[in-house]
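All remarks here apply to the structure that follows.
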Amino acid sequence: MTRRSFPSTIARAVEHEIVIKKSRFIAHVAPVTSPDEADDVISEVRRIHWDARHNCTAMVTGVLGDQARSSDDGEPSGTAGIPMLEVLRRRELTDLVAVVTRYFGGIKLGAGGLVRAYSTAVSEALDAATLLRRESLALVTIDVPHADAGRLDNLLRDWALQHGARFDEPTYGAAVTLALRVPPAELDRLQADVAAASSGSLVPQVGDETIVDVPAD
């Protein structure tokens, strides 16, 4: 089974400034969970930089990156928002917004110069961002007797590292519940390995798949 690929996102907001022919271009890129949250970020940047000539924007949202919007905010049509959006698309990113604030330096850049400036500002800001990959992982829980919990915990942590899974924190009750988020293609392997490690006494319970953010390699 081939893993389905999803657009990536970023871990936290980044700000980056470049200066071209005395014009300042201040790029602010931030992770968001919805268009409304993106609008809140845009409003805050515009509040801070109320005296700037332009605050141009681009956003992509949705797990599949299927919602997008951009604005030139007074720059010549097609010279700011769309080039910024193309950077986000080219890098296969979603759930983020980019705002580039321009303080005009008195020298006109021309259409080509503007496209390059806005694209470069966003691209360099993203170079400094922490990238998060997105994967669809199935939640798997295993109830383990307290006496065996330490051994199974160590075994499953190692297993997770080798099979692209994520290990959640255990919960403690009458038994210890170990939890992993596992790529669907690895579920059969996990079932077999747990059976082998427990002589068939432990049975993993497979729950729903969820989209999980994981640090990029």
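By convention in this document, the chains of the structure tokens carry letters A, B, ... by their order, each chain's residues are numbered from 1, and ligands are numbered from 1 in the order they are shown.
The environment of segment 29-38 of chain A within 7 Å, counting only C-alpha atoms and disregarding residues fewer than 6 places along the same chain, consists of A:Thr9, A:Ile10, A:Ala11, A:Arg12, A:Ala13, A:Val14, A:Glu15, A:Thr61, A:Asp95, A:Leu96, A:Val97, A:Ala98, A:Val99, A:Ala125.
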Could you write out the selected residues, including N, CA, C and O atoms, as a PDB file, in the first residue's frame?
ATOM      1  N   THR A   9       3.011  21.842   6.053  1.00  0.00           N
ATOM      2  CA  THR A   9       2.748  23.154   6.624  1.00  0.00           C
ATOM      3  C   THR A   9       3.988  23.589   7.398  1.00  0.00           C
ATOM      4  O   THR A   9       5.040  22.959   7.284  1.00  0.00           O
ATOM      5  N   ILE A  10       3.894  24.681   8.161  1.00  0.00           N
ATOM      6  CA  ILE A  10       5.032  25.138   8.955  1.00  0.00           C
ATOM      7  C   ILE A  10       4.658  25.129  10.428  1.00  0.00           C
ATOM      8  O   ILE A  10       3.480  25.189  10.792  1.00  0.00           O
ATOM      9  N   ALA A  11       5.674  25.057  11.280  1.00  0.00           N
ATOM     10  CA  ALA A  11       5.438  24.883  12.717  1.00  0.00           C
ATOM     11  C   ALA A  11       5.056  26.181  13.413  1.00  0.00           C
ATOM     12  O   ALA A  11       4.247  26.175  14.344  1.00  0.00           O
ATOM     13  N   ARG A  12       5.644  27.282  12.974  1.00  0.00           N
ATOM     14  CA  ARG A  12       5.398  28.548  13.678  1.00  0.00           C
ATOM     15  C   ARG A  12       5.651  29.711  12.719  1.00  0.00           C
ATOM     16  O   ARG A  12       6.244  29.528  11.644  1.00  0.00           O
ATOM     17  N   ALA A  13       5.211  30.885  13.144  1.00  0.00           N
ATOM     18  CA  ALA A  13       5.333  32.074  12.295  1.00  0.00           C
ATOM     19  C   ALA A  13       6.788  32.493  12.129  1.00  0.00           C
ATOM     20  O   ALA A  13       7.611  32.317  13.030  1.00  0.00           O
ATOM     21  N   VAL A  14       7.089  33.066  10.965  1.00  0.00           N
ATOM     22  CA  VAL A  14       8.426  33.565  10.648  1.00  0.00           C
ATOM     23  C   VAL A  14       8.280  34.933   9.987  1.00  0.00           C
ATOM     24  O   VAL A  14       7.372  35.146   9.178  1.00  0.00           O
ATOM     25  N   GLU A  15       9.180  35.847  10.319  1.00  0.00           N
ATOM     26  CA  GLU A  15       9.220  37.152   9.660  1.00  0.00           C
ATOM     27  C   GLU A  15      10.595  37.350   9.044  1.00  0.00           C
ATOM     28  O   GLU A  15      11.612  36.996   9.651  1.00  0.00           O
ATOM     29  N   THR A  61      -5.348  26.966   2.330  1.00  0.00           N
ATOM     30  CA  THR A  61      -5.873  26.246   3.475  1.00  0.00           C
ATOM     31  C   THR A  61      -6.551  24.955   3.028  1.00  0.00           C
ATOM     32  O   THR A  61      -6.800  24.746   1.835  1.00  0.00           O
ATOM     33  N   ASP A  95      -2.434  25.359   4.796  1.00  0.00           N
ATOM     34  CA  ASP A  95      -2.729  25.866   6.138  1.00  0.00           C
ATOM     35  C   ASP A  95      -1.685  26.896   6.585  1.00  0.00           C
ATOM     36  O   ASP A  95      -1.111  26.797   7.675  1.00  0.00           O
ATOM     37  N   LEU A  96      -1.468  27.873   5.723  1.00  0.00           N
ATOM     38  CA  LEU A  96      -0.593  28.983   6.086  1.00  0.00           C
ATOM     39  C   LEU A  96      -0.990  30.217   5.289  1.00  0.00           C
ATOM     40  O   LEU A  96      -1.645  30.130   4.239  1.00  0.00           O
ATOM     41  N   VAL A  97      -0.584  31.361   5.817  1.00  0.00           N
ATOM     42  CA  VAL A  97      -0.845  32.635   5.172  1.00  0.00           C
ATOM     43  C   VAL A  97       0.461  33.406   5.075  1.00  0.00           C
ATOM     44  O   VAL A  97       1.325  33.291   5.961  1.00  0.00           O
ATOM     45  N   ALA A  98       0.625  34.122   3.989  1.00  0.00           N
ATOM     46  CA  ALA A  98       1.798  34.978   3.797  1.00  0.00           C
ATOM     47  C   ALA A  98       1.320  36.414   3.589  1.00  0.00           C
ATOM     48  O   ALA A  98       0.401  36.661   2.797  1.00  0.00           O
ATOM     49  N   VAL A  99       1.924  37.324   4.327  1.00  0.00           N
ATOM     50  CA  VAL A  99       1.652  38.753   4.161  1.00  0.00           C
ATOM     51  C   VAL A  99       2.996  39.434   3.907  1.00  0.00           C
ATOM     52  O   VAL A  99       3.943  39.254   4.684  1.00  0.00           O
ATOM     53  N   ALA A 125      11.522  33.759   3.538  1.00  0.00           N
ATOM     54  CA  ALA A 125      10.879  33.542   4.840  1.00  0.00           C
ATOM     55  C   ALA A 125      10.621  32.052   5.058  1.00  0.00           C
ATOM     56  O   ALA A 125      10.863  31.519   6.152  1.00  0.00           O
TER      57      ALA A 125
END
With a distance cut-off of 12 Å and only C-alpha atoms, select the neighbouring residues of Ala195 of chain A, excluding the residue or stretch itself and same-chain residues fewer than 6 positions from it, and output the selection as a PDB file with N, CA and C atoms, in the first residue's frame.
ATOM      1  N   ILE A 142      -2.864  -0.729  22.734  1.00  0.00           N
ATOM      2  CA  ILE A 142      -2.576  -2.088  23.204  1.00  0.00           C
ATOM      3  C   ILE A 142      -2.610  -2.067  24.723  1.00  0.00           C
ATOM      4  N   LEU A 152       7.368  -4.062  26.740  1.00  0.00           N
ATOM      5  CA  LEU A 152       6.612  -3.754  25.523  1.00  0.00           C
ATOM      6  C   LEU A 152       6.754  -2.288  25.131  1.00  0.00           C
ATOM      7  N   ASP A 188      -0.426  -4.437   9.450  1.00  0.00           N
ATOM      8  CA  ASP A 188      -0.269  -5.898   9.488  1.00  0.00           C
ATOM      9  C   ASP A 188       1.050  -6.282  10.134  1.00  0.00           C
ATOM     10  N   ARG A 189       2.093  -5.525   9.829  1.00  0.00           N
ATOM     11  CA  ARG A 189       3.397  -5.809  10.431  1.00  0.00           C
ATOM     12  C   ARG A 189       3.340  -5.633  11.949  1.00  0.00           C
ATOM     13  N   SER A 201      -0.683 -13.190  23.161  1.00  0.00           N
ATOM     14  CA  SER A 201      -1.595 -12.791  24.241  1.00  0.00           C
ATOM     15  C   SER A 201      -2.095 -11.354  24.112  1.00  0.00           C
ATOM     16  N   LEU A 202      -1.415 -10.540  23.312  1.00  0.00           N
ATOM     17  CA  LEU A 202      -1.810  -9.143  23.159  1.00  0.00           C
ATOM     18  C   LEU A 202      -2.331  -8.889  21.751  1.00  0.00           C
ATOM     19  N   VAL A 203      -3.447  -8.159  21.668  1.00  0.00           N
ATOM     20  CA  VAL A 203      -4.071  -7.874  20.378  1.00  0.00           C
ATOM     21  C   VAL A 203      -4.215  -6.361  20.221  1.00  0.00           C
ATOM     22  N   PRO A 204      -3.495  -5.749  19.302  1.00  0.00           N
ATOM     23  CA  PRO A 204      -3.649  -4.310  19.068  1.00  0.00           C
ATOM     24  C   PRO A 204      -5.060  -3.970  18.588  1.00  0.00           C
TER      25      PRO A 204
END
Which of segment 61-161 of chain A counts as alpha helix (DSSP H) under DSSP, as a compact mmCIF listing (two decimals) with all heavy atoms, in the first residue's frame please?
# COMPACT_ATOMS: atom_id res chain seq x y z
N GLY A 81 0.22 39.32 -5.10
CA GLY A 81 -0.50 38.21 -4.48
C GLY A 81 -0.34 36.89 -5.21
O GLY A 81 -0.04 35.86 -4.59
N ILE A 82 -0.53 36.90 -6.53
CA ILE A 82 -0.42 35.65 -7.28
C ILE A 82 1.01 35.10 -7.25
O ILE A 82 1.20 33.89 -7.03
CB ILE A 82 -0.92 35.84 -8.72
CG1 ILE A 82 -2.45 36.02 -8.71
CG2 ILE A 82 -0.54 34.65 -9.60
CD1 ILE A 82 -3.06 36.30 -10.06
N PRO A 83 2.06 35.90 -7.46
CA PRO A 83 3.41 35.36 -7.32
C PRO A 83 3.69 34.79 -5.91
O PRO A 83 4.37 33.77 -5.77
CB PRO A 83 4.31 36.57 -7.60
CG PRO A 83 3.49 37.44 -8.49
CD PRO A 83 2.07 37.28 -7.99
N MET A 84 3.16 35.44 -4.87
CA MET A 84 3.31 34.90 -3.52
C MET A 84 2.61 33.56 -3.40
O MET A 84 3.15 32.59 -2.84
CB MET A 84 2.72 35.89 -2.51
CG MET A 84 3.51 37.18 -2.37
SD MET A 84 2.56 38.49 -1.53
CE MET A 84 2.21 37.72 0.04
N LEU A 85 1.39 33.47 -3.95
CA LEU A 85 0.64 32.22 -3.91
C LEU A 85 1.35 31.11 -4.67
O LEU A 85 1.36 29.95 -4.24
CB LEU A 85 -0.76 32.46 -4.51
CG LEU A 85 -1.75 31.30 -4.45
CD1 LEU A 85 -2.01 30.87 -3.02
CD2 LEU A 85 -3.06 31.71 -5.15
N GLU A 86 1.98 31.47 -5.78
CA GLU A 86 2.70 30.46 -6.57
C GLU A 86 3.87 29.87 -5.79
O GLU A 86 4.19 28.69 -5.93
CB GLU A 86 3.18 31.07 -7.88
CG GLU A 86 2.05 31.31 -8.88
CD GLU A 86 2.52 31.96 -10.16
OE1 GLU A 86 3.68 32.43 -10.21
OE2 GLU A 86 1.72 32.01 -11.12
N VAL A 87 4.50 30.68 -4.92
CA VAL A 87 5.57 30.15 -4.08
C VAL A 87 5.00 29.09 -3.12
O VAL A 87 5.59 28.01 -2.94
CB VAL A 87 6.26 31.27 -3.28
CG1 VAL A 87 7.25 30.69 -2.28
CG2 VAL A 87 6.97 32.24 -4.23
N LEU A 88 3.86 29.39 -2.50
CA LEU A 88 3.24 28.43 -1.59
C LEU A 88 2.85 27.15 -2.32
O LEU A 88 3.06 26.04 -1.81
CB LEU A 88 2.00 29.05 -0.92
CG LEU A 88 2.18 30.38 -0.20
CD1 LEU A 88 0.88 30.78 0.49
CD2 LEU A 88 3.33 30.33 0.80
N ARG A 89 2.30 27.31 -3.53
CA ARG A 89 1.90 26.14 -4.32
C ARG A 89 3.11 25.32 -4.75
O ARG A 89 3.10 24.08 -4.69
CB ARG A 89 1.13 26.60 -5.57
CG ARG A 89 -0.25 27.17 -5.31
CD ARG A 89 -1.18 26.13 -4.76
NE ARG A 89 -2.59 26.50 -4.93
CZ ARG A 89 -3.57 25.91 -4.27
NH1 ARG A 89 -3.31 24.95 -3.40
NH2 ARG A 89 -4.83 26.27 -4.48
N ARG A 90 4.14 26.02 -5.20
CA ARG A 90 5.34 25.32 -5.69
C ARG A 90 5.99 24.49 -4.59
O ARG A 90 6.53 23.42 -4.84
CB ARG A 90 6.31 26.34 -6.26
CG ARG A 90 7.49 25.73 -7.01
CD ARG A 90 8.19 26.75 -7.87
NE ARG A 90 8.65 27.90 -7.12
CZ ARG A 90 8.19 29.14 -7.25
NH1 ARG A 90 7.21 29.40 -8.10
NH2 ARG A 90 8.69 30.14 -6.54
N GLY A 110 9.02 48.26 -11.52
CA GLY A 110 8.46 47.63 -12.71
C GLY A 110 7.77 46.33 -12.35
O GLY A 110 7.99 45.76 -11.28
N ALA A 111 6.94 45.84 -13.27
CA ALA A 111 6.16 44.63 -12.99
C ALA A 111 7.05 43.44 -12.67
O ALA A 111 6.83 42.71 -11.69
CB ALA A 111 5.25 44.32 -14.17
N GLY A 112 8.08 43.23 -13.49
CA GLY A 112 8.98 42.09 -13.25
C GLY A 112 9.71 42.21 -11.93
O GLY A 112 9.88 41.22 -11.21
N GLY A 113 10.14 43.42 -11.61
CA GLY A 113 10.83 43.63 -10.35
C GLY A 113 9.94 43.37 -9.15
O GLY A 113 10.38 42.81 -8.13
N LEU A 114 8.67 43.75 -9.25
CA LEU A 114 7.74 43.50 -8.16
C LEU A 114 7.49 42.00 -7.99
O LEU A 114 7.47 41.50 -6.86
CB LEU A 114 6.41 44.22 -8.42
CG LEU A 114 6.44 45.74 -8.28
CD1 LEU A 114 5.12 46.34 -8.75
CD2 LEU A 114 6.74 46.16 -6.84
N VAL A 115 7.28 41.31 -9.08
CA VAL A 115 7.07 39.86 -9.00
C VAL A 115 8.25 39.19 -8.30
O VAL A 115 8.07 38.36 -7.40
CB VAL A 115 6.86 39.25 -10.41
CG1 VAL A 115 6.92 37.73 -10.36
CG2 VAL A 115 5.54 39.72 -11.00
N ARG A 116 9.45 39.55 -8.71
CA ARG A 116 10.64 38.95 -8.09
C ARG A 116 10.74 39.32 -6.62
O ARG A 116 11.09 38.48 -5.77
CB ARG A 116 11.91 39.39 -8.84
CG ARG A 116 12.08 38.73 -10.20
CD ARG A 116 13.45 39.02 -10.80
NE ARG A 116 13.64 40.44 -11.09
CZ ARG A 116 13.26 41.02 -12.22
NH1 ARG A 116 12.63 40.32 -13.16
NH2 ARG A 116 13.49 42.30 -12.43
N ALA A 117 10.45 40.57 -6.27
CA ALA A 117 10.58 41.02 -4.89
C ALA A 117 9.61 40.29 -3.97
O ALA A 117 9.99 39.78 -2.91
CB ALA A 117 10.36 42.52 -4.81
N TYR A 118 8.34 40.24 -4.36
CA TYR A 118 7.35 39.58 -3.50
C TYR A 118 7.59 38.07 -3.42
O TYR A 118 7.46 37.47 -2.35
CB TYR A 118 5.93 39.89 -4.01
CG TYR A 118 5.46 41.26 -3.61
CD1 TYR A 118 5.49 42.33 -4.50
CD2 TYR A 118 5.00 41.50 -2.31
CE1 TYR A 118 5.06 43.60 -4.13
CE2 TYR A 118 4.57 42.77 -1.93
CZ TYR A 118 4.61 43.81 -2.84
OH TYR A 118 4.19 45.07 -2.44
N SER A 119 7.97 37.47 -4.54
CA SER A 119 8.28 36.03 -4.53
C SER A 119 9.48 35.73 -3.65
O SER A 119 9.46 34.78 -2.85
CB SER A 119 8.55 35.53 -5.96
OG SER A 119 7.44 35.71 -6.79
N THR A 120 10.51 36.53 -3.78
CA THR A 120 11.73 36.30 -3.01
C THR A 120 11.49 36.49 -1.52
O THR A 120 12.00 35.71 -0.70
CB THR A 120 12.85 37.25 -3.49
OG1 THR A 120 13.12 37.00 -4.87
CG2 THR A 120 14.12 37.05 -2.68
N ALA A 121 10.72 37.50 -1.16
CA ALA A 121 10.46 37.75 0.25
C ALA A 121 9.78 36.55 0.90
O ALA A 121 10.16 36.10 1.99
CB ALA A 121 9.59 39.00 0.41
N VAL A 122 8.77 35.99 0.22
CA VAL A 122 8.07 34.82 0.76
C VAL A 122 8.98 33.60 0.76
O VAL A 122 9.04 32.84 1.73
CB VAL A 122 6.78 34.54 -0.04
CG1 VAL A 122 6.13 33.23 0.42
CG2 VAL A 122 5.80 35.69 0.13
N SER A 123 9.69 33.40 -0.34
CA SER A 123 10.56 32.23 -0.45
C SER A 123 11.63 32.21 0.64
O SER A 123 11.88 31.18 1.28
CB SER A 123 11.20 32.19 -1.84
OG SER A 123 11.96 31.02 -2.01
N GLU A 124 12.26 33.36 0.89
CA GLU A 124 13.31 33.42 1.90
C GLU A 124 12.73 33.26 3.31
O GLU A 124 13.38 32.67 4.19
CB GLU A 124 14.10 34.71 1.77
CG GLU A 124 14.96 34.75 0.52
CD GLU A 124 15.88 35.97 0.47
OE1 GLU A 124 15.90 36.76 1.43
OE2 GLU A 124 16.58 36.13 -0.57
N ALA A 125 11.52 33.76 3.54
CA ALA A 125 10.88 33.54 4.84
C ALA A 125 10.62 32.05 5.06
O ALA A 125 10.86 31.52 6.15
CB ALA A 125 9.58 34.33 4.92
N LEU A 126 10.17 31.36 4.02
CA LEU A 126 9.90 29.93 4.14
C LEU A 126 11.18 29.13 4.33
O LEU A 126 11.18 28.09 4.99
CB LEU A 126 9.14 29.43 2.91
CG LEU A 126 7.70 29.93 2.79
CD1 LEU A 126 7.11 29.54 1.44
CD2 LEU A 126 6.84 29.39 3.93
N ASP A 127 12.29 29.63 3.75
CA ASP A 127 13.58 28.95 3.96
C ASP A 127 13.93 28.91 5.44
O ASP A 127 14.63 28.00 5.90
CB ASP A 127 14.69 29.67 3.19
CG ASP A 127 14.61 29.44 1.69
OD1 ASP A 127 13.92 28.48 1.28
OD2 ASP A 127 15.22 30.23 0.95
N HIS A 146 0.74 -4.64 33.76
CA HIS A 146 1.79 -3.79 34.33
C HIS A 146 3.15 -4.50 34.33
O HIS A 146 4.18 -3.87 34.09
CB HIS A 146 1.41 -3.37 35.75
CG HIS A 146 0.37 -2.28 35.79
ND1 HIS A 146 0.68 -0.95 35.80
CD2 HIS A 146 -0.99 -2.36 35.78
CE1 HIS A 146 -0.44 -0.23 35.82
NE2 HIS A 146 -1.48 -1.07 35.80
N ALA A 147 3.15 -5.79 34.59
CA ALA A 147 4.41 -6.53 34.69
C ALA A 147 5.17 -6.55 33.36
O ALA A 147 6.41 -6.66 33.35
CB ALA A 147 4.14 -7.95 35.16
N ASP A 148 4.44 -6.44 32.25
CA ASP A 148 5.08 -6.51 30.93
C ASP A 148 5.21 -5.15 30.26
O ASP A 148 5.75 -5.04 29.16
CB ASP A 148 4.27 -7.43 30.00
CG ASP A 148 4.21 -8.86 30.49
OD1 ASP A 148 5.22 -9.32 31.06
OD2 ASP A 148 3.16 -9.50 30.31
N ALA A 149 4.72 -4.10 30.93
CA ALA A 149 4.61 -2.80 30.27
C ALA A 149 5.96 -2.22 29.89
O ALA A 149 6.12 -1.66 28.80
CB ALA A 149 3.85 -1.82 31.17
N GLY A 150 6.95 -2.32 30.76
CA GLY A 150 8.26 -1.75 30.46
C GLY A 150 8.89 -2.37 29.24
O GLY A 150 9.41 -1.67 28.36
N ARG A 151 8.83 -3.70 29.16
CA ARG A 151 9.44 -4.40 28.02
C ARG A 151 8.72 -4.05 26.73
O ARG A 151 9.36 -3.74 25.71
CB ARG A 151 9.38 -5.91 28.26
CG ARG A 151 9.96 -6.75 27.12
CD ARG A 151 9.94 -8.23 27.46
NE ARG A 151 8.56 -8.74 27.54
CZ ARG A 151 7.88 -9.15 26.47
NH1 ARG A 151 8.43 -9.11 25.25
NH2 ARG A 151 6.66 -9.62 26.61
N LEU A 152 7.37 -4.06 26.74
CA LEU A 152 6.61 -3.75 25.52
C LEU A 152 6.75 -2.29 25.13
O LEU A 152 6.81 -1.95 23.95
CB LEU A 152 5.15 -4.11 25.72
CG LEU A 152 4.69 -5.49 25.22
CD1 LEU A 152 4.85 -5.61 23.72
CD2 LEU A 152 5.46 -6.60 25.94
N ASP A 153 6.85 -1.41 26.14
CA ASP A 153 7.03 0.01 25.85
C ASP A 153 8.33 0.22 25.07
O ASP A 153 8.34 0.90 24.03
CB ASP A 153 7.06 0.80 27.16
CG ASP A 153 7.17 2.30 26.95
OD1 ASP A 153 8.28 2.78 26.60
OD2 ASP A 153 6.17 3.00 27.13
N ASN A 154 9.42 -0.36 25.55
CA ASN A 154 10.71 -0.22 24.85
C ASN A 154 10.66 -0.82 23.45
O ASN A 154 11.17 -0.24 22.49
CB ASN A 154 11.82 -0.89 25.67
CG ASN A 154 12.15 -0.13 26.93
OD1 ASN A 154 11.96 1.09 27.01
ND2 ASN A 154 12.64 -0.82 27.94
N LEU A 155 10.02 -2.00 23.35
CA LEU A 155 9.94 -2.67 22.04
C LEU A 155 9.17 -1.81 21.04
O LEU A 155 9.60 -1.63 19.89
CB LEU A 155 9.28 -4.03 22.21
CG LEU A 155 9.17 -4.92 20.97
CD1 LEU A 155 9.24 -6.39 21.39
CD2 LEU A 155 7.87 -4.68 20.20
N LEU A 156 8.04 -1.25 21.49
CA LEU A 156 7.20 -0.49 20.57
C LEU A 156 7.80 0.87 20.21
O LEU A 156 7.60 1.37 19.11
CB LEU A 156 5.81 -0.32 21.16
CG LEU A 156 4.98 -1.61 21.22
CD1 LEU A 156 3.68 -1.38 21.97
CD2 LEU A 156 4.69 -2.15 19.82
N ARG A 157 8.54 1.48 21.14
CA ARG A 157 9.23 2.72 20.80
C ARG A 157 10.25 2.47 19.70
O ARG A 157 10.38 3.26 18.75
CB ARG A 157 9.88 3.33 22.04
CG ARG A 157 8.89 3.95 23.01
CD ARG A 157 9.59 4.57 24.22
NE ARG A 157 8.62 4.96 25.22
CZ ARG A 157 7.98 6.13 25.25
NH1 ARG A 157 8.24 7.03 24.30
NH2 ARG A 157 7.11 6.41 26.19
N ASP A 158 11.01 1.38 19.81
CA ASP A 158 11.96 1.03 18.75
C ASP A 158 11.24 0.72 17.45
O ASP A 158 11.67 1.13 16.37
CB ASP A 158 12.81 -0.17 19.18
CG ASP A 158 13.80 0.17 20.27
OD1 ASP A 158 14.10 1.37 20.46
OD2 ASP A 158 14.29 -0.76 20.96
N TRP A 159 10.13 0.00 17.57
CA TRP A 159 9.36 -0.36 16.37
C TRP A 159 8.86 0.91 15.66
O TRP A 159 8.91 1.01 14.43
CB TRP A 159 8.17 -1.24 16.78
CG TRP A 159 7.45 -1.87 15.63
CD1 TRP A 159 7.63 -3.11 15.12
CD2 TRP A 159 6.40 -1.26 14.85
NE1 TRP A 159 6.78 -3.33 14.06
CE2 TRP A 159 6.01 -2.21 13.87
CE3 TRP A 159 5.77 -0.03 14.87
CZ2 TRP A 159 5.02 -1.95 12.93
CZ3 TRP A 159 4.78 0.24 13.93
CH2 TRP A 159 4.41 -0.71 12.97
N ALA A 160 8.38 1.85 16.43
CA ALA A 160 7.87 3.10 15.85
C ALA A 160 8.95 3.82 15.06
O ALA A 160 8.70 4.33 13.97
CB ALA A 160 7.31 4.00 16.96
N LEU A 161 10.15 3.89 15.61
CA LEU A 161 11.24 4.56 14.92
C LEU A 161 11.57 3.90 13.59
O LEU A 161 11.93 4.56 12.62
CB LEU A 161 12.49 4.58 15.81
CG LEU A 161 12.45 5.51 17.03
CD1 LEU A 161 13.68 5.28 17.90
CD2 LEU A 161 12.37 6.97 16.59
What's around segment 45-55 of chain A at 9 Å? Count only C-alpha atoms, leave out sequence neighbours fewer than 4 positions away in its own chain, and write the answer as number ranges by chain. A: 28, 40-41, 71-75, 99-104
Put those residues in a file: all heavy atoms, as a compact mmCIF listing (two decimals), in the first residue's frame.
# COMPACT_ATOMS: atom_id res chain seq x y z
N HIS A 28 5.78 38.07 6.33
CA HIS A 28 5.31 37.38 7.53
C HIS A 28 4.55 36.15 7.08
O HIS A 28 3.53 36.27 6.39
CB HIS A 28 4.41 38.31 8.36
CG HIS A 28 3.91 37.69 9.63
ND1 HIS A 28 4.60 37.77 10.82
CD2 HIS A 28 2.79 36.97 9.90
CE1 HIS A 28 3.93 37.14 11.76
NE2 HIS A 28 2.82 36.64 11.23
N ASP A 40 -7.45 36.86 10.37
CA ASP A 40 -7.03 37.48 11.63
C ASP A 40 -5.55 37.85 11.59
O ASP A 40 -5.15 38.91 12.08
CB ASP A 40 -7.30 36.53 12.80
CG ASP A 40 -8.79 36.36 13.10
OD1 ASP A 40 -9.58 37.21 12.66
OD2 ASP A 40 -9.14 35.37 13.77
N VAL A 41 -4.73 36.96 11.02
CA VAL A 41 -3.30 37.25 10.90
C VAL A 41 -3.08 38.47 10.01
O VAL A 41 -2.29 39.37 10.33
CB VAL A 41 -2.54 36.02 10.33
CG1 VAL A 41 -1.08 36.39 10.01
CG2 VAL A 41 -2.58 34.86 11.32
N SER A 71 -4.20 38.66 -2.68
CA SER A 71 -4.54 40.07 -2.91
C SER A 71 -3.29 40.86 -3.23
O SER A 71 -2.25 40.71 -2.56
CB SER A 71 -5.21 40.66 -1.67
OG SER A 71 -5.33 42.07 -1.78
N ASP A 72 -3.38 41.71 -4.26
CA ASP A 72 -2.28 42.61 -4.61
C ASP A 72 -2.28 43.88 -3.76
O ASP A 72 -1.29 44.62 -3.76
CB ASP A 72 -2.36 42.99 -6.08
CG ASP A 72 -2.14 41.82 -7.01
OD1 ASP A 72 -1.19 41.06 -6.78
OD2 ASP A 72 -2.93 41.66 -7.96
N ASP A 73 -3.37 44.16 -3.07
CA ASP A 73 -3.49 45.32 -2.17
C ASP A 73 -2.94 46.61 -2.79
O ASP A 73 -2.13 47.32 -2.20
CB ASP A 73 -2.78 45.04 -0.84
CG ASP A 73 -3.15 46.07 0.23
OD1 ASP A 73 -4.32 46.50 0.25
OD2 ASP A 73 -2.27 46.46 1.02
N GLY A 74 -3.37 46.88 -4.01
CA GLY A 74 -3.00 48.14 -4.64
C GLY A 74 -1.79 48.09 -5.55
O GLY A 74 -1.56 49.03 -6.31
N GLU A 75 -1.00 47.03 -5.51
CA GLU A 75 0.09 46.87 -6.48
C GLU A 75 -0.54 46.54 -7.83
O GLU A 75 -1.68 46.08 -7.91
CB GLU A 75 1.03 45.74 -6.06
CG GLU A 75 1.85 46.02 -4.80
CD GLU A 75 3.04 46.95 -5.05
OE1 GLU A 75 2.97 47.76 -5.99
OE2 GLU A 75 4.02 46.86 -4.29
N VAL A 99 1.92 37.32 4.33
CA VAL A 99 1.65 38.75 4.16
C VAL A 99 3.00 39.43 3.91
O VAL A 99 3.94 39.25 4.68
CB VAL A 99 1.00 39.37 5.41
CG1 VAL A 99 0.61 40.82 5.14
CG2 VAL A 99 -0.21 38.57 5.86
N VAL A 100 3.09 40.18 2.83
CA VAL A 100 4.31 40.94 2.56
C VAL A 100 3.97 42.42 2.60
O VAL A 100 3.17 42.93 1.81
CB VAL A 100 4.94 40.58 1.20
CG1 VAL A 100 6.17 41.46 0.95
CG2 VAL A 100 5.35 39.11 1.18
N THR A 101 4.58 43.11 3.55
CA THR A 101 4.40 44.55 3.74
C THR A 101 5.47 45.28 2.94
O THR A 101 6.65 44.95 3.02
CB THR A 101 4.53 44.90 5.23
OG1 THR A 101 3.53 44.18 5.96
CG2 THR A 101 4.39 46.39 5.46
N ARG A 102 5.05 46.29 2.17
CA ARG A 102 6.02 47.07 1.41
C ARG A 102 6.00 48.52 1.86
O ARG A 102 4.96 49.17 1.87
CB ARG A 102 5.72 47.01 -0.09
CG ARG A 102 6.77 47.79 -0.91
CD ARG A 102 6.38 47.92 -2.36
NE ARG A 102 7.42 48.60 -3.14
CZ ARG A 102 7.26 49.03 -4.38
NH1 ARG A 102 6.11 48.84 -5.00
NH2 ARG A 102 8.24 49.64 -5.02
N TYR A 103 7.20 48.98 2.24
CA TYR A 103 7.42 50.41 2.46
C TYR A 103 8.14 50.94 1.24
O TYR A 103 9.30 50.57 0.99
CB TYR A 103 8.24 50.64 3.73
CG TYR A 103 7.45 50.42 5.01
CD1 TYR A 103 7.45 49.18 5.65
CD2 TYR A 103 6.70 51.45 5.57
CE1 TYR A 103 6.73 48.97 6.82
CE2 TYR A 103 5.97 51.26 6.74
CZ TYR A 103 6.00 50.02 7.36
OH TYR A 103 5.28 49.82 8.52
N PHE A 104 7.48 51.76 0.45
CA PHE A 104 8.01 52.23 -0.82
C PHE A 104 9.23 53.12 -0.60
O PHE A 104 9.23 54.03 0.22
CB PHE A 104 6.91 53.01 -1.56
CG PHE A 104 7.31 53.49 -2.92
CD1 PHE A 104 7.82 52.61 -3.86
CD2 PHE A 104 7.16 54.82 -3.26
CE1 PHE A 104 8.16 53.06 -5.13
CE2 PHE A 104 7.50 55.28 -4.53
CZ PHE A 104 8.01 54.40 -5.46
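From atom CA of Phe6 of chain A back to atom CA of Leu132 of chain A, the distance works out to 10.8 Å.
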May I have all residues of segment 3-217 of chain A that DSSP, computed from the backbone, assigns to strand (DSSP E), given as a PyMOL selection string? chain A and resi 9-10+14-20+23-31+54-61+67-71+96-103+131-144+166-167+171-172+176-182+205-215
Kindly give the distance, in Å, that separates atom CA of Arg181 of chain A and atom CA of Ala165 of chain A, rounded to a single decimal.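 Atom-to-atom, atom CA of Arg181 of chain A to atom CA of Ala165 of chain A, that is 5.5 Å.
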Quick check, in Å to one decimal: how far apart do atom CA of Leu64 of chain A and atom CA of Arg133 of chain A lie?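 Rounded to one decimal, the two atoms are 12.5 Å apart.
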